[in-house]
>>> print(open('query.cif').read())   # mmCIF, C-alpha atoms
data_query
#
loop_
_atom_site.label_atom_id
_atom_site.label_comp_id
_atom_site.auth_asym_id
_atom_site.auth_seq_id
_atom_site.Cartn_x
_atom_site.Cartn_y
_atom_site.Cartn_z
CA MET A 7 67.73 125.41 122.41
CA SER A 8 68.38 126.80 118.92
CA MET A 9 72.05 127.21 119.76
CA ILE A 10 72.27 123.52 120.68
CA ARG A 11 70.60 122.53 117.42
CA ASP A 12 73.04 124.72 115.49
CA LEU A 13 75.98 123.11 117.25
CA ARG A 14 74.60 119.60 116.59
CA ALA A 15 74.36 120.44 112.90
CA ALA A 16 77.86 121.87 112.97
CA VAL A 17 79.55 118.82 114.43
CA ARG A 18 78.35 116.64 111.59
CA PRO A 19 80.12 118.45 108.75
CA SER A 20 80.33 115.35 106.61
CA LEU A 21 76.63 115.72 105.82
CA ARG A 22 77.01 119.26 104.47
CA LYS A 23 78.06 120.21 100.96
CA SER A 24 79.60 123.31 99.45
CA ASN A 25 80.31 124.61 95.97
CA THR A 26 83.41 126.58 97.02
CA PRO A 27 86.51 125.14 95.31
CA TYR A 28 88.93 123.37 97.60
CA SER A 29 91.82 125.33 96.11
CA THR A 30 90.58 128.41 97.96
CA TYR A 31 92.12 126.91 101.10
CA ASP A 32 95.32 125.51 99.65
CA THR A 33 98.48 126.89 101.20
CA THR A 34 101.42 127.85 99.04
CA ARG A 35 104.39 126.25 100.76
CA ASP A 36 108.07 127.06 100.75
CA PRO A 37 110.00 124.58 98.56
CA SER A 38 112.21 123.86 101.56
CA ALA A 39 109.21 122.68 103.60
CA SER A 40 108.59 118.97 104.04
CA SER A 41 107.06 117.40 100.91
CA ALA A 42 104.79 115.40 103.19
CA VAL A 43 102.96 118.54 104.38
CA VAL A 44 99.77 118.85 102.36
CA ASP A 45 98.35 121.82 104.30
CA CYS A 46 99.48 124.11 107.08
CA ALA A 47 97.18 126.71 108.61
CA VAL A 48 96.48 128.76 111.71
CA TYR A 49 92.91 129.23 112.96
CA ARG A 50 91.89 132.04 115.27
CA ASP A 51 88.33 132.61 116.51
CA GLY A 52 87.19 129.82 114.20
CA ARG A 53 88.60 131.39 111.03
CA ARG A 54 91.64 130.61 108.97
CA VAL A 55 94.32 133.29 109.18
CA THR A 56 95.04 134.30 105.59
CA GLU A 57 97.20 137.39 106.13
CA GLY A 58 100.82 136.36 105.96
CA ALA A 59 99.78 132.72 105.59
CA CYS A 60 102.13 130.24 107.24
CA GLN A 61 104.34 128.31 104.87
CA THR A 62 105.93 125.89 107.34
CA PRO A 63 104.80 124.13 110.56
CA ARG A 64 107.41 126.15 112.48
CA GLU A 65 105.91 129.44 111.28
CA ALA A 66 102.45 128.18 112.26
CA MET A 67 103.63 127.25 115.73
CA LEU A 68 105.34 130.61 116.31
CA ARG A 69 102.26 132.53 115.18
CA VAL A 70 100.00 130.49 117.47
CA ARG A 71 102.30 131.03 120.46
CA GLU A 72 102.42 134.77 119.80
CA ASP A 73 98.85 135.59 118.72
CA GLY A 74 96.76 132.65 119.98
CA GLY A 75 94.48 130.24 118.10
CA PHE A 76 95.59 126.81 116.99
CA ALA A 77 97.51 125.28 114.11
CA TRP A 78 96.35 122.41 111.92
CA ILE A 79 99.13 120.61 110.08
CA GLY A 80 98.18 117.94 107.56
CA LEU A 81 100.73 115.36 106.39
CA HIS A 82 100.60 112.41 104.01
CA GLU A 83 102.92 109.43 104.54
CA PRO A 84 105.87 111.37 106.02
CA THR A 85 109.28 109.77 106.37
CA GLU A 86 111.22 109.81 109.63
CA GLU A 87 113.36 112.68 108.38
CA GLU A 88 110.36 114.71 107.24
CA PHE A 89 108.51 114.22 110.52
CA ALA A 90 111.49 114.66 112.85
CA GLY A 91 111.49 118.47 112.67
CA ILE A 92 107.73 118.74 113.25
CA ALA A 93 107.96 116.34 116.19
CA ARG A 94 110.64 118.52 117.82
CA GLU A 95 108.75 121.76 117.24
CA PHE A 96 105.52 120.47 118.78
CA GLY A 97 107.11 118.25 121.45
CA LEU A 98 105.58 114.98 120.25
CA HIS A 99 106.44 111.78 122.09
CA PRO A 100 108.93 109.51 120.24
CA LEU A 101 106.70 106.42 120.60
CA ALA A 102 103.74 108.19 119.03
CA VAL A 103 105.97 109.59 116.28
CA GLU A 104 107.25 106.10 115.50
CA ASP A 105 103.68 104.80 115.22
CA ALA A 106 102.67 107.70 112.99
CA VAL A 107 105.60 107.20 110.60
CA HIS A 108 105.48 103.42 110.26
CA ALA A 109 101.66 103.12 110.29
CA HIS A 110 99.90 99.71 110.33
CA GLN A 111 98.59 100.43 113.82
CA ARG A 112 95.40 99.29 115.53
CA PRO A 113 92.84 102.03 116.22
CA LYS A 114 93.67 103.43 119.65
CA LEU A 115 93.76 106.47 121.92
CA GLU A 116 96.89 107.29 123.93
CA ARG A 117 97.84 110.26 126.06
CA TYR A 118 101.40 111.61 126.18
CA ASP A 119 101.69 114.51 128.62
CA ASP A 120 99.53 117.27 127.07
CA THR A 121 98.98 115.51 123.74
CA LEU A 122 96.36 112.97 122.67
CA PHE A 123 97.40 110.50 120.00
CA THR A 124 94.50 108.88 118.16
CA VAL A 125 94.65 106.28 115.39
CA PHE A 126 91.74 105.71 113.01
CA LYS A 127 91.42 103.07 110.32
CA THR A 128 89.71 104.42 107.21
CA ILE A 129 87.64 102.07 105.05
CA HIS A 130 86.88 102.53 101.36
CA TYR A 131 84.48 100.32 99.41
CA VAL A 132 85.96 99.07 96.15
CA GLU A 133 83.36 99.08 93.40
CA HIS A 134 83.19 95.91 91.29
CA ALA A 135 80.92 94.83 88.47
CA GLU A 136 80.70 91.26 89.80
CA LEU A 137 81.82 89.68 93.06
CA THR A 138 84.35 86.93 92.39
CA ALA A 139 86.62 84.75 94.48
CA THR A 140 89.42 87.34 94.05
CA SER A 141 87.44 90.58 94.32
CA GLU A 142 88.76 93.27 96.65
CA VAL A 143 85.76 94.58 98.56
CA VAL A 144 87.27 97.02 101.07
CA GLU A 145 90.46 99.04 101.04
CA THR A 146 91.94 100.36 104.27
CA GLY A 147 94.00 103.38 105.18
CA GLU A 148 95.01 105.16 108.37
CA VAL A 149 94.61 108.59 109.88
CA MET A 150 96.67 109.49 112.96
CA CYS A 151 95.78 112.61 114.90
CA PHE A 152 97.97 114.46 117.42
CA THR A 153 95.76 116.79 119.46
CA GLY A 154 97.29 119.41 121.75
CA ARG A 155 96.13 122.59 123.43
CA ASP A 156 96.94 124.74 120.43
CA PHE A 157 97.61 122.35 117.55
CA VAL A 158 96.27 119.41 115.55
CA ILE A 159 98.59 117.32 113.42
CA THR A 160 96.97 114.75 111.13
CA VAL A 161 99.05 112.07 109.45
CA ARG A 162 97.38 110.10 106.69
CA HIS A 163 98.51 106.80 105.16
CA GLY A 164 97.01 105.17 102.09
CA GLY A 165 95.40 106.49 98.93
CA GLN A 166 91.97 106.89 100.51
CA GLY A 167 90.60 108.94 103.38
CA SER A 168 91.66 112.42 102.27
CA LEU A 169 90.78 115.13 104.81
CA ARG A 170 90.79 118.03 102.36
CA ALA A 171 87.01 118.08 101.93
CA LEU A 172 86.57 117.79 105.69
CA ARG A 173 88.91 120.72 106.30
CA HIS A 174 87.03 122.72 103.68
CA ARG A 175 83.67 122.11 105.35
CA LEU A 176 85.02 122.90 108.80
CA GLN A 177 86.38 126.22 107.60
CA GLU A 178 82.87 127.15 106.58
CA ASP A 179 81.74 126.77 110.19
CA PRO A 180 83.66 129.27 112.38
CA GLU A 181 81.45 128.55 115.40
CA LEU A 182 82.60 124.94 115.42
CA LEU A 183 86.28 125.69 114.76
CA ALA A 184 86.23 128.21 117.59
CA LYS A 185 85.97 125.23 119.95
CA GLY A 186 89.60 124.47 119.17
CA PRO A 187 91.55 121.27 118.31
CA SER A 188 88.97 119.01 119.96
CA ALA A 189 86.41 120.09 117.35
CA VAL A 190 88.78 118.91 114.62
CA LEU A 191 89.33 115.59 116.40
CA HIS A 192 85.59 115.05 116.71
CA SER A 193 84.98 115.92 113.07
CA ILE A 194 87.66 113.45 111.95
CA ALA A 195 86.15 110.71 114.12
CA ASP A 196 82.68 111.50 112.81
CA HIS A 197 83.97 111.52 109.22
CA VAL A 198 85.65 108.13 109.62
CA VAL A 199 82.62 106.50 111.27
CA ASP A 200 80.28 107.91 108.61
CA GLY A 201 82.53 106.17 106.09
CA TYR A 202 82.04 102.92 108.00
CA ILE A 203 78.26 103.30 107.75
CA ALA A 204 78.42 103.80 103.98
CA VAL A 205 80.73 100.81 103.49
CA ALA A 206 78.53 98.61 105.70
CA GLY A 207 75.57 99.28 103.41
CA SER A 208 77.56 98.29 100.32
CA VAL A 209 78.93 95.14 101.96
CA GLN A 210 75.37 94.20 102.96
CA ASP A 211 74.40 94.34 99.27
CA ASP A 212 77.26 91.97 98.39
CA ILE A 213 76.22 89.54 101.12
CA ASP A 214 72.61 89.63 99.93
CA GLU A 215 73.78 88.84 96.40
CA VAL A 216 75.84 85.86 97.58
CA GLU A 217 73.00 84.63 99.78
CA ILE A 218 70.54 84.70 96.88
CA ASP A 219 72.98 82.84 94.62
CA VAL A 220 73.65 80.14 97.22
CA PHE A 221 70.02 79.43 98.10
CA SER A 222 68.56 79.80 94.62
CA THR A 223 67.76 76.51 92.81
CA PRO A 224 70.18 75.98 89.92
CA ALA A 225 68.98 74.88 86.53
CA LYS A 226 68.72 71.13 86.04
CA GLY A 227 72.14 69.74 85.32
CA GLY A 228 73.76 73.17 85.92
CA ALA A 229 76.74 73.86 88.14
CA ARG A 230 76.77 76.31 91.04
CA GLY A 231 80.16 77.77 90.28
CA SER A 232 82.68 78.99 92.85
CA ASP A 233 80.22 80.07 95.56
CA ALA A 234 82.50 78.86 98.35
CA GLY A 235 85.42 80.90 97.02
CA ARG A 236 83.28 84.04 96.80
CA ILE A 237 81.94 83.56 100.32
CA TYR A 238 85.41 82.99 101.74
CA GLN A 239 86.80 86.08 99.99
CA LEU A 240 83.90 88.20 101.25
CA LYS A 241 84.46 86.83 104.75
CA ARG A 242 88.11 87.88 104.63
CA GLU A 243 87.10 91.39 103.59
CA VAL A 244 84.55 91.58 106.41
CA LEU A 245 87.30 90.50 108.81
CA GLU A 246 89.41 93.42 107.59
CA PHE A 247 86.43 95.69 108.20
CA LYS A 248 86.03 94.26 111.68
CA ARG A 249 89.69 94.96 112.52
CA ALA A 250 89.08 98.62 111.79
CA VAL A 251 85.84 98.95 113.75
CA SER A 252 86.21 96.82 116.87
CA PRO A 253 89.37 98.36 118.41
CA LEU A 254 87.91 101.85 118.00
CA LEU A 255 85.02 101.18 120.40
CA ARG A 256 87.10 101.74 123.55
CA PRO A 257 88.71 105.02 122.39
CA MET A 258 85.33 106.47 121.42
CA GLN A 259 83.91 105.41 124.77
CA LEU A 260 86.75 107.19 126.58
CA LEU A 261 86.34 110.35 124.51
CA SER A 262 82.60 110.44 125.12
CA GLU A 263 82.56 109.56 128.84
CA ARG A 264 85.83 110.50 130.52
CA PRO A 265 86.50 114.22 131.14
CA MET A 266 89.73 115.33 129.45
CA ARG A 267 91.50 118.66 129.64
CA LEU A 268 92.18 118.68 125.91
CA ILE A 269 88.54 118.02 124.94
CA ASP A 270 86.06 120.88 125.10
CA PRO A 271 83.03 119.83 127.24
CA ASP A 272 80.61 121.06 124.57
CA ILE A 273 82.35 118.89 121.97
CA GLN A 274 82.68 115.87 124.24
CA LYS A 275 78.90 115.50 124.35
CA TYR A 276 78.88 114.83 120.62
CA PHE A 277 81.45 112.10 120.84
CA ARG A 278 78.56 110.07 122.29
CA ASP A 279 76.81 110.34 118.94
CA VAL A 280 79.93 109.05 117.18
CA ALA A 281 80.29 106.23 119.71
CA ASP A 282 76.65 105.26 119.19
CA HIS A 283 77.04 105.12 115.41
CA LEU A 284 80.25 103.13 115.79
CA ALA A 285 78.52 100.62 118.08
CA ARG A 286 75.78 100.18 115.49
CA VAL A 287 78.31 99.54 112.73
CA HIS A 288 80.15 97.10 114.99
CA GLU A 289 76.94 95.12 115.52
CA GLU A 290 76.37 95.05 111.77
CA VAL A 291 79.90 93.80 111.07
CA ILE A 292 79.55 91.07 113.70
CA GLY A 293 76.25 90.11 112.08
CA PHE A 294 77.94 90.01 108.65
CA ASP A 295 80.57 87.61 109.98
CA GLU A 296 78.00 85.28 111.55
CA LEU A 297 75.76 85.39 108.48
CA LEU A 298 78.67 84.54 106.18
CA ASN A 299 79.54 81.59 108.45
CA SER A 300 75.96 80.31 108.07
CA ILE A 301 75.99 80.85 104.30
CA LEU A 302 79.34 79.06 103.96
CA GLN A 303 78.08 76.10 106.02
CA ALA A 304 74.88 75.97 103.95
CA ASN A 305 76.92 76.02 100.75
CA LEU A 306 79.14 73.18 101.98
CA ALA A 307 76.05 71.21 103.03
CA GLN A 308 74.56 71.72 99.58
CA ALA A 309 77.78 70.51 97.98
CA THR A 310 77.69 67.40 100.18
CA VAL A 311 74.05 66.73 99.24
CA THR A 312 74.90 67.14 95.56
CA GLN A 313 77.78 64.69 95.88
CA ASN A 314 75.52 62.18 97.64
CA GLU A 315 72.96 62.49 94.87
CA ASP A 316 75.62 61.89 92.26
CA MET A 317 76.88 58.84 94.12
CA ARG A 318 73.36 57.42 94.36
CA LYS A 319 72.89 57.84 90.62
CA ILE A 320 76.20 56.16 89.89
CA THR A 321 75.33 53.31 92.26
CA SER A 322 71.89 52.91 90.68
CA TRP A 323 73.22 52.61 87.16
CA ALA A 324 75.93 50.22 88.36
CA ALA A 325 73.18 47.98 89.83
CA ILE A 326 71.26 48.02 86.56
CA ILE A 327 74.34 47.21 84.50
CA ALA A 328 75.26 44.38 86.88
CA VAL A 329 72.22 42.29 85.74
CA PRO A 330 73.17 41.86 82.08
CA THR A 331 76.82 41.57 83.08
CA MET A 332 76.03 38.65 85.38
CA ILE A 333 73.77 36.82 82.90
CA CYS A 334 76.16 37.32 80.00
CA GLY A 335 79.00 36.18 82.22
CA VAL A 336 77.22 32.93 82.95
CA TYR A 337 76.36 32.19 79.33
CA GLY A 338 79.82 33.22 78.23
CA MET A 339 81.38 30.19 79.92
CA ASN A 340 82.37 27.41 77.55
CA PHE A 341 80.62 24.46 79.19
CA GLU A 342 79.14 21.76 76.92
CA HIS A 343 76.07 21.02 79.04
CA MET A 344 74.20 24.27 79.85
CA PRO A 345 70.41 24.80 80.28
CA GLU A 346 68.61 25.88 77.11
CA LEU A 347 71.91 26.05 75.25
CA ARG A 348 70.54 24.47 72.05
CA TRP A 349 66.97 25.77 72.43
CA THR A 350 65.76 27.87 69.48
CA TYR A 351 64.18 30.55 71.65
CA GLY A 352 66.88 30.58 74.31
CA TYR A 353 68.66 33.70 73.03
CA PRO A 354 65.52 35.89 72.74
CA MET A 355 64.38 34.65 76.12
CA VAL A 356 67.64 35.72 77.80
CA LEU A 357 67.46 39.16 76.16
CA ALA A 358 63.87 39.56 77.30
CA LEU A 359 64.79 38.48 80.83
CA ILE A 360 67.61 41.03 80.94
CA GLY A 361 65.30 43.79 79.72
CA VAL A 362 62.54 42.96 82.23
CA VAL A 363 64.89 42.79 85.20
CA CYS A 364 66.72 46.01 84.26
CA PHE A 365 63.42 47.81 83.71
CA SER A 366 62.10 46.65 87.07
CA ILE A 367 65.24 47.79 88.87
CA HIS A 368 65.09 51.18 87.11
CA ARG A 369 61.44 51.68 88.06
CA THR A 370 62.16 50.79 91.69
CA LEU A 371 65.15 53.15 91.98
CA LYS A 372 63.23 55.89 90.21
CA ARG A 373 60.32 55.52 92.62
CA ASN A 374 62.69 55.78 95.60
CA GLY A 375 64.32 58.96 94.28
CA TRP A 376 67.69 57.50 93.40
CA LEU A 377 67.36 58.34 89.70
#
>>> encode(input="query.cif", output="structure tokens")
Amino acid sequence: MSMIRDLRAAVRPSLRKSNTPYSTYDTTRDPSASSAVVDCAVYRDGRRVTEGACQTPREAMLRVREDGGFAWIGLHEPTEEEFAGIAREFGLHPLAVEDAVHAHQRPKLERYDDTLFTVFKTIHYVEHAELTATSEVVETGEVMCFTGRDFVITVRHGGQGSLRALRHRLQEDPELLAKGPSAVLHSIADHVVDGYIAVAGSVQDDIDEVEIDVFSTPAKGGARGSDAGRIYQLKREVLEFKRAVSPLLRPMQLLSERPMRLIDPDIQKYFRDVADHLARVHEEVIGFDELLNSILQANLAQATVTQNEDMRKITSWAAIIAVPTMICGVYGMNFEHMPELRWTYGYPMVLALIGVVCFSIHRTLKRNGWL
């Protein structure tokens, strides 16, 4: 039982911290090696081989084939030329290589012979002092993972989602790394989904802020501002979030339920935990989308009510002004014989009549809520 608990703790490396500098694990590379390679290492019995450290992916592959273990090659935004040699050395399928180089792929899981090709969308929350109609809320990147019997090749696109800290934490857990490439694949999936959970919490705070602003009563005579623009922008960012989460559900389900030769059975059990967390995030994102729809509709309804109130006020004052306009129009006609035209008190009487009628109309409209 204690062994199972230790393994459960090991497969969630993103929750563990270390004070060891990352540079301890940096590999000094040959200048002739691809500039896209950010790290190249061989692991045997769960530990990084430091004697005669590999400088190129080819050296790593030869050492693994001769002495056992597995190689982990990390690349960042490689070009076709930079990735072509690695693809030949490890026998990667051309279609998967094309996807890894050009990026902008949906999250997916594909099998090519004895290699699994997995695509993850990474999500980073963009901090902002105030949410506006042009605020960027989430920033996306991609991590592609080629998993074979004795190698893992990770290809990262975008400025976020670095795997250096993850690699560092994994190297502190030889028991986990001894499980082979599938342990690395699980840790990457767990790392990405943990990022989703953190971003979901921050997006929830933004939605709460918008919701409070929309449903709060503005000061008398004050304007609501660009609530609709903020809601629409936040909805677009949530949609981007949804595009990263939803397509990943099926791959995680396959990794957690379907037996695969390249996935260690002990590790496969813990893909269920990742799939469960992903399903929870997916439900939250769907809820965000529906809630933003309701908030946007409520905001539009409030705008319509405000416009109706303004129109009623304009109509009310137009009715009041129509009374003196009508009376003055009648007495402004140049007829010789008009009632009370030469009466001494005719002028004050007309003014008084206008005032009484206008006051009565104002009181009536005020009582009915039009003013």
>>> resolve_selection(input="query.cif", expression="the PyMOL selection byres ((chain A and resi 237) around 8)", output="list in words")
Ala139, Val216, Asp233, Ala234, Gly235, Arg236, Tyr238, Gln239, Leu240, Lys241, Leu298, Ile301 and Leu302 of chain A
>>> resolve_selection(input="query.cif", expression="the PyMOL selection byres ((chain A and resi 189) around 12)", output="VMD selection string")
chain A and resid 13 to 14 16 to 19 52 76 78 153 to 158 172 to 173 176 to 177 179 to 188 190 to 196 268 to 277
>>> resolve_selection(input="query.cif", expression="the PyMOL selection byres ((chain A and resi 218-220) around 12)", output="PDB file with C-alpha atoms, in the frame of the given file")
ATOM      1  CA  LEU A 137      81.820  89.680  93.060  1.00  0.00           C
ATOM      2  CA  ASP A 211      74.400  94.340  99.270  1.00  0.00           C
ATOM      3  CA  ASP A 212      77.260  91.970  98.390  1.00  0.00           C
ATOM      4  CA  ILE A 213      76.220  89.540 101.120  1.00  0.00           C
ATOM      5  CA  ASP A 214      72.610  89.630  99.930  1.00  0.00           C
ATOM      6  CA  GLU A 215      73.780  88.840  96.400  1.00  0.00           C
ATOM      7  CA  VAL A 216      75.840  85.860  97.580  1.00  0.00           C
ATOM      8  CA  GLU A 217      73.000  84.630  99.780  1.00  0.00           C
ATOM      9  CA  PHE A 221      70.020  79.430  98.100  1.00  0.00           C
ATOM     10  CA  SER A 222      68.560  79.800  94.620  1.00  0.00           C
ATOM     11  CA  THR A 223      67.760  76.510  92.810  1.00  0.00           C
ATOM     12  CA  PRO A 224      70.180  75.980  89.920  1.00  0.00           C
ATOM     13  CA  ALA A 229      76.740  73.860  88.140  1.00  0.00           C
ATOM     14  CA  ARG A 230      76.770  76.310  91.040  1.00  0.00           C
ATOM     15  CA  GLY A 231      80.160  77.770  90.280  1.00  0.00           C
ATOM     16  CA  SER A 232      82.680  78.990  92.850  1.00  0.00           C
ATOM     17  CA  ASP A 233      80.220  80.070  95.560  1.00  0.00           C
ATOM     18  CA  ALA A 234      82.500  78.860  98.350  1.00  0.00           C
ATOM     19  CA  GLY A 235      85.420  80.900  97.020  1.00  0.00           C
ATOM     20  CA  ARG A 236      83.280  84.040  96.800  1.00  0.00           C
ATOM     21  CA  ILE A 237      81.940  83.560 100.320  1.00  0.00           C
ATOM     22  CA  LEU A 298      78.670  84.540 106.180  1.00  0.00           C
ATOM     23  CA  SER A 300      75.960  80.310 108.070  1.00  0.00           C
ATOM     24  CA  ILE A 301      75.990  80.850 104.300  1.00  0.00           C
ATOM     25  CA  LEU A 302      79.340  79.060 103.960  1.00  0.00           C
ATOM     26  CA  GLN A 303      78.080  76.100 106.020  1.00  0.00           C
ATOM     27  CA  ALA A 304      74.880  75.970 103.950  1.00  0.00           C
ATOM     28  CA  ASN A 305      76.920  76.020 100.750  1.00  0.00           C
ATOM     29  CA  LEU A 306      79.140  73.180 101.980  1.00  0.00           C
ATOM     30  CA  ALA A 307      76.050  71.210 103.030  1.00  0.00           C
ATOM     31  CA  GLN A 308      74.560  71.720  99.580  1.00  0.00           C
ATOM     32  CA  ALA A 309      77.780  70.510  97.980  1.00  0.00           C
TER      33      ALA A 309
END
>>> residues_around(input="query.cif", residues="Val251 in chain A", least_positions_apart="2", cutoff="8 Å", atoms="all atoms listed in the file", output="ChimeraX atom specification")
/A:127,202,247-249,253-255,284,287-288
>>> closest_residue(input="query.cif", among="A:Glu86, A:Glu315, A:Asp105, A:Glu57", to="Thr124 in chain A", atoms="all atoms listed in the file")
A:Asp105
>>> residues_near_point(input="query.cif", point="(88.1, 92.5, 105.6)", cutoff="12 Å", atoms="all atoms listed in the file", output="MDAnalysis selection string")
chainID A and resid 129:132 141:146 205:206 209 238:251 291:292 294:295
>>> closest_residue(input="query.cif", among="A:Asn299, A:Arg71, A:Ala325, A:Glu136", to="Phe365 in chain A", atoms="only C-alpha atoms")
A:Ala325
>>> closest_residue(input="query.cif", among="A:Glu178, A:Glu296, A:Asp120, A:Glu104", to="Arg54 in chain A", atoms="only C-alpha atoms")
A:Glu178
>>> closest_residue(input="query.cif", among="A:Asp316, A:Arg69, A:Glu148, A:Lys114", to="Gly375 in chain A", atoms="all atoms listed in the file")
A:Asp316
>>> atom_distance(input="query.cif", atom1="CA of Leu81 in chain A", atom2="CA of Ala204 in chain A")
25.2 Å
>>> atom_distance(input="query.cif", atom1="CA of Glu133 in chain A", atom2="CA of His174 in chain A")
26.0 Å
>>> atom_distance(input="query.cif", atom1="CA of Phe89 in chain A", atom2="CA of Tyr49 in chain A")
21.8 Å
>>> residues_near_point(input="query.cif", point="(102.4, 122.9, 107.0)", cutoff="7 Å", atoms="only C-alpha atoms", output="PyMOL selection string")
chain A and resi 43-47+61-63+79-80
>>> write_last_selection(input="query.cif", atoms="C-alpha atoms", output="compact mmCIF listing (two decimals), in the coordinates of the input")
# COMPACT_ATOMS: atom_id res chain seq x y z
CA VAL A 43 102.96 118.54 104.38
CA VAL A 44 99.77 118.85 102.36
CA ASP A 45 98.35 121.82 104.30
CA CYS A 46 99.48 124.11 107.08
CA ALA A 47 97.18 126.71 108.61
CA GLN A 61 104.34 128.31 104.87
CA THR A 62 105.93 125.89 107.34
CA PRO A 63 104.80 124.13 110.56
CA ILE A 79 99.13 120.61 110.08
CA GLY A 80 98.18 117.94 107.56
